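Data block for protein-v1.cif (mmCIF, C-alpha atoms):
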```
data_final
loop_
_atom_site.group_PDB
_atom_site.id
_atom_site.type_symbol
_atom_site.label_atom_id
_atom_site.label_comp_id
_atom_site.auth_asym_id
_atom_site.auth_seq_id
_atom_site.Cartn_x
_atom_site.Cartn_y
_atom_site.Cartn_z
ATOM 1 C CA MET A 499 -6.931 24.543 19.864
ATOM 2 C CA ARG A 500 -6.476 24.211 16.099
ATOM 3 C CA TYR A 501 -3.048 22.632 16.619
ATOM 4 C CA CYS A 502 -4.498 19.994 18.905
ATOM 5 C CA PHE A 503 -6.979 19.030 16.169
ATOM 6 C CA MET A 504 -4.180 18.913 13.579
ATOM 7 C CA ALA A 505 -2.032 16.779 15.878
ATOM 8 C CA ASN A 506 -4.882 14.311 16.324
ATOM 9 C CA GLU A 507 -5.432 14.151 12.576
ATOM 10 C CA LEU A 508 -1.719 13.562 11.948
ATOM 11 C CA ASN A 509 -1.561 10.856 14.609
ATOM 12 C CA GLN A 510 -4.487 9.087 12.955
ATOM 13 C CA PHE A 511 -2.740 9.406 9.589
ATOM 14 C CA PHE A 512 0.477 7.872 10.943
ATOM 15 C CA GLU A 513 -1.486 5.023 12.520
ATOM 16 C CA MET A 514 -3.018 4.359 9.114
ATOM 17 C CA VAL A 515 0.439 4.405 7.473
ATOM 18 C CA ARG A 516 1.718 1.881 10.030
ATOM 19 C CA ASP A 517 -1.146 -0.438 9.094
ATOM 20 C CA LEU A 518 -0.178 -0.396 5.402
ATOM 21 C CA GLU A 519 2.112 -3.060 4.056
ATOM 22 C CA THR A 520 5.668 -1.801 3.668
ATOM 23 C CA ALA A 521 5.897 -3.477 0.272
ATOM 24 C CA ASP A 522 2.809 -1.545 -0.906
ATOM 25 C CA LEU A 523 4.352 1.754 0.172
ATOM 26 C CA TYR A 524 7.545 0.821 -1.650
ATOM 27 C CA GLN A 525 5.599 0.051 -4.833
ATOM 28 C CA LEU A 526 3.860 3.442 -4.615
ATOM 29 C CA PHE A 527 7.259 5.082 -4.208
ATOM 30 C CA ILE A 528 8.969 3.401 -7.154
ATOM 31 C CA GLN A 529 6.001 3.702 -9.539
ATOM 32 C CA GLU A 530 5.274 7.386 -8.908
ATOM 33 C CA THR A 531 6.497 9.763 -11.618
ATOM 34 C CA ASP A 532 5.735 13.052 -9.832
ATOM 35 C CA PRO A 533 8.876 13.943 -7.809
ATOM 36 C CA GLU A 534 6.905 15.576 -4.960
ATOM 37 C CA LYS A 535 4.586 12.592 -4.574
ATOM 38 C CA GLN A 536 7.531 10.237 -4.870
ATOM 39 C CA ALA A 537 9.297 12.062 -2.016
ATOM 40 C CA PHE A 538 6.124 11.795 0.076
ATOM 41 C CA TYR A 539 5.786 8.050 -0.555
ATOM 42 C CA LYS A 540 9.501 7.571 0.222
ATOM 43 C CA ALA A 541 9.051 9.377 3.547
ATOM 44 C CA MET A 542 6.042 7.192 4.407
ATOM 45 C CA TYR A 543 7.997 4.064 3.416
ATOM 46 C CA ASP A 544 10.912 5.123 5.643
ATOM 47 C CA TYR A 545 8.531 5.865 8.519
ATOM 48 C CA SER A 546 6.890 2.453 8.125
ATOM 49 C CA MET A 547 10.258 0.670 8.024
ATOM 50 C CA GLN A 548 11.494 2.454 11.146
ATOM 51 C CA ALA A 549 8.276 1.650 13.038
ATOM 52 C CA HIS A 550 8.585 -2.011 12.017
ATOM 53 C CA GLN A 551 12.235 -2.122 13.088
ATOM 54 C CA ARG A 552 11.360 -0.657 16.509
ATOM 55 C CA GLU A 553 8.663 -3.315 16.936
ATOM 56 C CA VAL A 554 11.079 -6.132 16.038
ATOM 57 C CA ILE A 555 13.799 -4.843 18.357
ATOM 58 C CA ALA A 556 11.299 -4.567 21.232
ATOM 59 C CA ARG A 557 10.441 -8.281 21.021
ATOM 60 C CA PRO A 558 11.743 -10.343 23.940
ATOM 61 C CA ASP A 559 13.241 -12.944 21.580
ATOM 62 C CA PHE A 560 15.236 -10.348 19.612
ATOM 63 C CA VAL A 561 18.977 -11.073 19.859
ATOM 64 C CA ARG A 562 21.414 -8.198 19.572
#
```
Give the structure from this file in structure tokens form.
Amino acid sequence: MRYCFMANELNQFFEMVRDLETADLYQLFIQETDPEKQAFYKAMYDYSMQAHQREVIARPDFVR
């Protein structure tokens, strides 16, 4: 049961990350001096970029 709660919390977190501007996440990444926090911001930036790319590719007017 605890894992279900954690999964819901993580899903909400990722939804929030998707709503952030990619440029803002990038700024957090490049301005952070703590290596652990910088790695976290980089991961969130990468996640946001991949989600955006999937959305663009799914558009009917996207040309491959």
Taking the file as shown, what set of residues would the PyMOL selection byres ((chain A and resi 524) around 12) give back, as JSON, numbers by chain? {"A": [518, 519, 520, 521, 522, 523, 525, 526, 527, 528, 529, 530, 536, 537, 538, 539, 540, 541, 542, 543, 544, 545, 546, 547]}
Between CA of Arg516 (chain A) and CA of His550 (chain A), distance in Å (one decimal): 8.1 Å
CA of Val554 (chain A) to CA of Asn509 (chain A), distance in Å rounded to a single decimal: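 Atom-to-atom, CA of Val554 (chain A) to CA of Asn509 (chain A), that is 21.2 Å.
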